[in-house]
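Take a look at the structure below.
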Amino acid sequence: MVRICSLFLILCFSTRILAEKPIVTDEFDRILITPTNIKGDVLGKIELVRPNALETSWSLVKPKPYGDRRRYLRPGQHDATEVVGIDSKTGEIIFEQQPKVMPGEYYAEVRASNSDGWMEQVLIVIALPMSPPLENALDIFTQRYTNGAIGFYATGGVAAEKVQYASSLASALLAKDRRGDGRVSRYVAEANAVMTLFETFEERNEAIGFYLHERNLKIQTQDLQDEEIIPDFLRLGGPAGMRRDASVEEITHLIHRAGIMRAYPGLQKRLEAATKTAISRGFWTPQDGLPEDSYADEYLIYGLDIYYGVHTSSEFEGVRLTPDNLRTVDEELYDIVSFLFPTREELFRSMGWQS
């Protein structure tokens, strides 16, 4: 009897471990409305980023400036709860009434709840007089050019010197590939890979005319914002108190998705296995809201940051994370990163920096 009860408790406990708070994206969902919409229209559906055994309840929360983790909610934004509702059982966004301001952007948060907890994500409802046509999808990008394998499309407010910095960095990151057989660069070019540069997160978030037609443009994109391009960050070794430069991360995401995964499928499998091992040993933990199919992407960036010396204030099991000891803390990650990318010294030379 004791053994049966113990087994029952273990099974129950295991079930509770598997059932956890619902996880939604830490980014946002973007939805378009026009004067053609009528009350009751289903505009879209919010979904969990991974399955959950517990029943989820959905609700809309009025926007609170800077109340979201990425600070997309800002003062002065219109309230999306005035124009849409949400089905509490399905997560479907339901049109309620035409907005008072059109064109306009309306913000709210979507809360997913279950008996284990809750999590919120941003909802952006964009009201326009008509659906943006495909032929105008790229009009927002007034600065466009190609450097090697990657195109750079920037809006008018992005500083020209930051576009040039991002372009130079992309070229430097691909330098080792070009010295070899150039296969990653060829795949990146074949994919019509483009970095889309916006002035602010808000400009990006509201660019529905572009994102509505992105797939039909036959380009593969990754975004980057002027406000998150910090050219001195990497050069100075990621000093404390300086905002992190997102350029290496976002450019590498594009190179990874458009080129590396196709050029080296075996290496991609090794990276995915290394990511699972890193999570199991506590060396790296994915953030809430990150889809599982993006874990390896982010782990590659984590390794590259260490390889380029911007995690020197962190340590694992008493070992400080530096370019010199990445091989010690994760030999597989070191082998993958060092195979794909130039060393810190080589990157710095390509950028015209002193090491």
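Identifiers for the structure tokens are assigned positionally: chains receive A, B, ... in sequence, residues are indexed from 1 per chain, and ligands are indexed from 1 in the order shown.
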
Notebook entry, point to check: Skipping near chain neighbours, those fewer than 4 positions away, what residues fall within 12 Å of Glu135 of chain A using only C-alpha atoms, listed as number ranges by chain?
Noted result: A: 131, 139-140, 209-210, 212-214, 216-217

Selection to disk with N, CA and C atoms, as a PDB file, in the first residue's frame:
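Output contents, as saved in part32.pdb:
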ATOM      1  N   SER A 131      -6.136  48.248 -46.902  1.00  0.00           N
ATOM      2  CA  SER A 131      -5.005  47.333 -46.756  1.00  0.00           C
ATOM      3  C   SER A 131      -3.851  47.797 -47.636  1.00  0.00           C
ATOM      4  N   ASP A 139       8.416  50.815 -49.627  1.00  0.00           N
ATOM      5  CA  ASP A 139       8.539  52.279 -49.673  1.00  0.00           C
ATOM      6  C   ASP A 139       9.122  52.866 -48.396  1.00  0.00           C
ATOM      7  N   ILE A 140       8.925  52.187 -47.289  1.00  0.00           N
ATOM      8  CA  ILE A 140       9.416  52.700 -46.011  1.00  0.00           C
ATOM      9  C   ILE A 140      10.940  52.767 -45.969  1.00  0.00           C
ATOM     10  N   GLY A 209       2.665  47.615 -43.380  1.00  0.00           N
ATOM     11  CA  GLY A 209       2.683  47.618 -44.839  1.00  0.00           C
ATOM     12  C   GLY A 209       3.805  46.764 -45.399  1.00  0.00           C
ATOM     13  N   PHE A 210       4.933  46.680 -44.665  1.00  0.00           N
ATOM     14  CA  PHE A 210       6.048  45.819 -45.075  1.00  0.00           C
ATOM     15  C   PHE A 210       5.811  44.381 -44.647  1.00  0.00           C
ATOM     16  N   LEU A 212       3.165  42.748 -43.828  1.00  0.00           N
ATOM     17  CA  LEU A 212       2.009  42.096 -44.416  1.00  0.00           C
ATOM     18  C   LEU A 212       2.380  41.359 -45.698  1.00  0.00           C
ATOM     19  N   HIS A 213       3.361  41.878 -46.432  1.00  0.00           N
ATOM     20  CA  HIS A 213       3.738  41.312 -47.731  1.00  0.00           C
ATOM     21  C   HIS A 213       5.142  40.710 -47.740  1.00  0.00           C
ATOM     22  N   GLU A 214       5.757  40.577 -46.566  1.00  0.00           N
ATOM     23  CA  GLU A 214       7.161  40.165 -46.509  1.00  0.00           C
ATOM     24  C   GLU A 214       7.422  38.866 -47.271  1.00  0.00           C
ATOM     25  N   ASN A 216       5.851  37.580 -49.780  1.00  0.00           N
ATOM     26  CA  ASN A 216       5.692  37.735 -51.228  1.00  0.00           C
ATOM     27  C   ASN A 216       6.831  38.518 -51.865  1.00  0.00           C
ATOM     28  N   LEU A 217       7.674  39.143 -51.060  1.00  0.00           N
ATOM     29  CA  LEU A 217       8.784  39.927 -51.594  1.00  0.00           C
ATOM     30  C   LEU A 217       9.975  39.057 -51.967  1.00  0.00           C
TER      31      LEU A 217
END

Margin query: Would you pick out the contacts of segment 23-28 of chain A at 6 Å or less, using only C-alpha atoms, so that residues sharing its chain but fewer than 2 positions from it are not included, and give the list as a PyMOL selection string?
Written below: chain A and resi 48-49+121-123+289

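The shell of residues at most 12 Å from Arg320 of chain A, with only C-alpha atoms counted and near chain neighbours (fewer than 4 positions) removed, consists of A:Ile306, A:Gly309, A:Val310, A:His311, A:Thr312, A:Ser313, A:Ser314, A:Glu315, A:Phe316, A:Asp324, A:Asn325, A:Leu326, A:Arg327, A:Thr328, A:Val329.
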
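Nearest residue to Arg74 of chain A, choosing from A:Glu202, A:Ser88, A:Leu43, A:Pro103 and counting only C-alpha atoms: A:Glu202.
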
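Taking only C-alpha atoms into account, Pro286 of chain A lies nearest to A:Ile301 out of the set A:Arg179, A:Pro265, A:Ile301, A:Ala160.
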
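Shortest atom-to-atom contact with Gly91 of chain A among A:Glu250, A:Asp41, A:Glu292, A:Glu47: A:Glu47, counting only C-alpha atoms.
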
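We find atom CA of Glu105 of chain A and atom CA of Phe201 of chain A to be spaced 13.5 Å apart.
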
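Atom CA of Ala246 of chain A is found 27.9 Å from atom CA of Arg111 of chain A.
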
Next item on the list: Please identify which residues in segment 4-108 of chain A DSSP calls strand (DSSP E or B) from the backbone, and express them as a PyMOL selection string.
Entry: chain A and resi 28-33+42-45+57-61+78-79+84-86+92-95+104-108

Could you write those residues out with C-alpha atoms, as an mmCIF file, in the first residue's frame?
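Okay, out15.cif is ready:
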data_model
loop_
_atom_site.group_PDB
_atom_site.id
_atom_site.type_symbol
_atom_site.label_atom_id
_atom_site.label_comp_id
_atom_site.auth_asym_id
_atom_site.auth_seq_id
_atom_site.Cartn_x
_atom_site.Cartn_y
_atom_site.Cartn_z
ATOM 1 C CA PHE A 28 4.139 40.994 -29.926
ATOM 2 C CA ASP A 29 1.379 40.120 -32.377
ATOM 3 C CA ARG A 30 0.472 42.705 -35.018
ATOM 4 C CA ILE A 31 -3.082 42.896 -36.441
ATOM 5 C CA LEU A 32 -4.593 45.074 -39.193
ATOM 6 C CA ILE A 33 -8.103 46.543 -39.222
ATOM 7 C CA VAL A 42 -12.019 37.224 -36.148
ATOM 8 C CA LEU A 43 -8.854 39.216 -36.859
ATOM 9 C CA GLY A 44 -6.284 36.710 -35.683
ATOM 10 C CA LYS A 45 -5.375 34.332 -32.888
ATOM 11 C CA SER A 57 -7.735 31.542 -20.192
ATOM 12 C CA TRP A 58 -7.185 34.649 -22.347
ATOM 13 C CA SER A 59 -7.847 38.303 -21.518
ATOM 14 C CA LEU A 60 -6.891 41.772 -22.745
ATOM 15 C CA VAL A 61 -5.125 44.228 -20.445
ATOM 16 C CA HIS A 78 -4.046 54.473 -28.132
ATOM 17 C CA ASP A 79 -5.820 51.702 -26.187
ATOM 18 C CA VAL A 84 -10.996 44.696 -30.125
ATOM 19 C CA GLY A 85 -11.771 41.958 -27.634
ATOM 20 C CA ILE A 86 -10.470 38.433 -27.131
ATOM 21 C CA GLU A 92 -9.011 34.751 -31.014
ATOM 22 C CA ILE A 93 -8.918 38.536 -31.420
ATOM 23 C CA ILE A 94 -12.440 39.801 -32.156
ATOM 24 C CA PHE A 95 -13.275 43.112 -33.831
ATOM 25 C CA GLY A 104 -3.706 54.942 -35.914
ATOM 26 C CA GLU A 105 -1.877 52.387 -33.810
ATOM 27 C CA TYR A 106 -3.524 50.792 -30.782
ATOM 28 C CA TYR A 107 -1.719 48.880 -28.059
ATOM 29 C CA ALA A 108 -2.701 46.467 -25.279
#

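When only C-alpha atoms are used to measure the gap to Ser115 of chain A, the shortest distance among A:Arg215, A:Lys21, A:Arg186, A:Lys176 belongs to A:Lys21.
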
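Distance check against Val337 of chain A using only C-alpha atoms: of A:Leu138, A:Ala170, A:Ile260, A:Val125, the minimum falls on A:Ile260.
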
Next item on the list: Within 12 Å of segment 236-245 of chain A, counting only C-alpha atoms, which residues show up once you throw out same-chain ones fewer than 5 positions away? Write them as a ChimeraX atom specification, please.
Entry: /A:162,165-166,169,224-231,250-251,305-314,322-323,344,348,353-355

Include N, CA and C atoms and write out the residues we just selected as a compact mmCIF listing (two decimals), in the first residue's frame.
# COMPACT_ATOMS: atom_id res chain seq x y z
N LYS A 162 25.51 54.37 -39.01
CA LYS A 162 25.13 53.12 -38.37
C LYS A 162 24.82 52.04 -39.41
N TYR A 165 28.20 50.88 -40.42
CA TYR A 165 28.79 50.02 -39.39
C TYR A 165 28.21 48.61 -39.48
N ALA A 166 26.89 48.49 -39.59
CA ALA A 166 26.25 47.18 -39.67
C ALA A 166 26.72 46.43 -40.92
N LEU A 169 30.27 45.22 -40.38
CA LEU A 169 30.28 44.11 -39.43
C LEU A 169 29.83 42.82 -40.10
N LEU A 224 16.86 45.19 -37.32
CA LEU A 224 17.79 45.84 -36.40
C LEU A 224 17.38 47.29 -36.30
N GLN A 225 17.47 47.87 -35.11
CA GLN A 225 17.05 49.25 -34.90
C GLN A 225 18.25 50.17 -34.65
N ASP A 226 18.13 51.40 -35.17
CA ASP A 226 19.16 52.40 -34.95
C ASP A 226 19.51 52.51 -33.46
N GLU A 227 18.47 52.51 -32.60
CA GLU A 227 18.70 52.71 -31.17
C GLU A 227 19.42 51.54 -30.50
N GLU A 228 19.52 50.38 -31.16
CA GLU A 228 20.24 49.26 -30.56
C GLU A 228 21.57 48.97 -31.26
N ILE A 229 21.98 49.87 -32.16
CA ILE A 229 23.29 49.77 -32.79
C ILE A 229 24.25 50.66 -32.01
N ILE A 230 25.16 50.02 -31.28
CA ILE A 230 26.10 50.74 -30.40
C ILE A 230 27.52 50.37 -30.86
N PRO A 231 28.08 51.07 -31.83
CA PRO A 231 29.34 50.65 -32.46
C PRO A 231 30.50 50.45 -31.50
N GLU A 250 21.86 40.19 -34.35
CA GLU A 250 20.85 40.19 -35.40
C GLU A 250 21.45 39.82 -36.76
N ILE A 251 22.64 40.30 -37.05
CA ILE A 251 23.29 39.95 -38.32
C ILE A 251 23.61 38.46 -38.35
N ASP A 305 29.25 35.74 -28.45
CA ASP A 305 29.53 36.84 -27.52
C ASP A 305 30.73 36.52 -26.63
N ILE A 306 30.79 35.29 -26.14
CA ILE A 306 31.94 34.88 -25.32
C ILE A 306 33.22 34.91 -26.17
N TYR A 307 33.11 34.38 -27.38
CA TYR A 307 34.24 34.29 -28.31
C TYR A 307 34.81 35.67 -28.64
N TYR A 308 33.92 36.68 -28.66
CA TYR A 308 34.36 38.03 -28.98
C TYR A 308 34.55 38.91 -27.74
N GLY A 309 34.47 38.30 -26.56
CA GLY A 309 34.91 38.98 -25.35
C GLY A 309 33.93 39.93 -24.72
N VAL A 310 32.61 39.70 -24.86
CA VAL A 310 31.67 40.62 -24.23
C VAL A 310 30.89 39.98 -23.08
N HIS A 311 31.36 38.83 -22.60
CA HIS A 311 30.76 38.22 -21.42
C HIS A 311 31.79 38.05 -20.30
N THR A 312 32.82 38.88 -20.28
CA THR A 312 33.92 38.68 -19.35
C THR A 312 33.53 38.95 -17.90
N SER A 313 32.38 39.58 -17.66
CA SER A 313 31.94 39.80 -16.28
C SER A 313 31.14 38.62 -15.74
N SER A 314 30.89 37.61 -16.59
CA SER A 314 30.11 36.43 -16.19
C SER A 314 31.04 35.25 -15.97
N THR A 322 35.60 33.98 -21.04
CA THR A 322 36.46 34.81 -21.88
C THR A 322 36.72 34.10 -23.20
N PRO A 323 37.23 34.83 -24.21
CA PRO A 323 37.57 34.16 -25.48
C PRO A 323 38.56 33.02 -25.30
N ARG A 344 38.48 36.90 -32.71
CA ARG A 344 38.31 38.30 -32.27
C ARG A 344 39.35 39.20 -32.92
N PHE A 348 38.51 42.24 -35.46
CA PHE A 348 38.94 43.60 -35.15
C PHE A 348 39.76 44.19 -36.28
N TRP A 353 39.86 48.13 -36.15
CA TRP A 353 40.07 48.42 -34.73
C TRP A 353 41.40 47.83 -34.28
N GLN A 354 41.95 48.38 -33.23
CA GLN A 354 43.09 47.74 -32.59
C GLN A 354 42.59 46.68 -31.64
N SER A 355 43.22 45.50 -31.62
CA SER A 355 42.77 44.42 -30.74
C SER A 355 43.10 44.77 -29.31

Note to self: Could you tell me how far atom CA of Tyr334 of chain A sits from atom CA of Ala172 of chain A, in Å to one decimal place?
What the structure shows: 18.8 Å

Alpha helix (DSSP H) call set, DSSP backbone run, segment 39-240 of chain A, as an mmCIF file with C-alpha atoms, in the first residue's frame:
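The new file result14.cif reads:
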data_model
loop_
_atom_site.group_PDB
_atom_site.id
_atom_site.type_symbol
_atom_site.label_atom_id
_atom_site.label_comp_id
_atom_site.auth_asym_id
_atom_site.auth_seq_id
_atom_site.Cartn_x
_atom_site.Cartn_y
_atom_site.Cartn_z
ATOM 1 C CA ALA A 160 23.957 56.564 -42.349
ATOM 2 C CA GLU A 161 27.043 55.811 -40.249
ATOM 3 C CA LYS A 162 25.135 53.117 -38.372
ATOM 4 C CA VAL A 163 24.039 51.501 -41.626
ATOM 5 C CA GLN A 164 27.682 51.507 -42.709
ATOM 6 C CA TYR A 165 28.789 50.018 -39.393
ATOM 7 C CA ALA A 166 26.252 47.184 -39.673
ATOM 8 C CA SER A 167 27.296 46.543 -43.260
ATOM 9 C CA SER A 168 30.997 46.432 -42.347
ATOM 10 C CA LEU A 169 30.277 44.110 -39.429
ATOM 11 C CA ALA A 170 28.343 41.700 -41.660
ATOM 12 C CA SER A 171 31.251 41.626 -44.101
ATOM 13 C CA ALA A 172 33.710 41.002 -41.232
ATOM 14 C CA LEU A 173 31.600 38.140 -39.827
ATOM 15 C CA ALA A 175 35.356 36.992 -43.827
ATOM 16 C CA LYS A 176 36.411 33.491 -42.756
ATOM 17 C CA ASP A 177 33.783 31.909 -44.968
ATOM 18 C CA ARG A 178 34.980 33.940 -47.942
ATOM 19 C CA ARG A 179 38.570 32.837 -47.333
ATOM 20 C CA ARG A 183 29.443 28.341 -49.272
ATOM 21 C CA VAL A 184 27.678 30.251 -46.467
ATOM 22 C CA SER A 185 27.976 33.512 -48.385
ATOM 23 C CA ARG A 186 26.554 31.859 -51.519
ATOM 24 C CA TYR A 187 23.519 30.519 -49.646
ATOM 25 C CA VAL A 188 22.970 33.901 -47.992
ATOM 26 C CA ALA A 189 23.034 35.603 -51.396
ATOM 27 C CA GLU A 190 20.718 32.989 -52.944
ATOM 28 C CA PHE A 201 11.283 49.657 -32.162
ATOM 29 C CA GLU A 202 7.999 51.534 -32.509
ATOM 30 C CA GLU A 203 8.664 52.236 -36.196
ATOM 31 C CA ARG A 204 9.406 48.560 -36.755
ATOM 32 C CA ASN A 205 6.418 47.356 -34.750
ATOM 33 C CA ILE A 208 2.535 46.531 -41.188
ATOM 34 C CA GLY A 209 2.683 47.618 -44.839
ATOM 35 C CA PHE A 210 6.048 45.819 -45.075
ATOM 36 C CA TYR A 211 5.409 42.806 -42.863
ATOM 37 C CA ASP A 232 31.729 51.084 -29.497
ATOM 38 C CA PHE A 233 30.309 48.200 -27.433
ATOM 39 C CA LEU A 234 32.139 45.312 -29.103
ATOM 40 C CA ARG A 235 35.299 47.326 -29.736
#
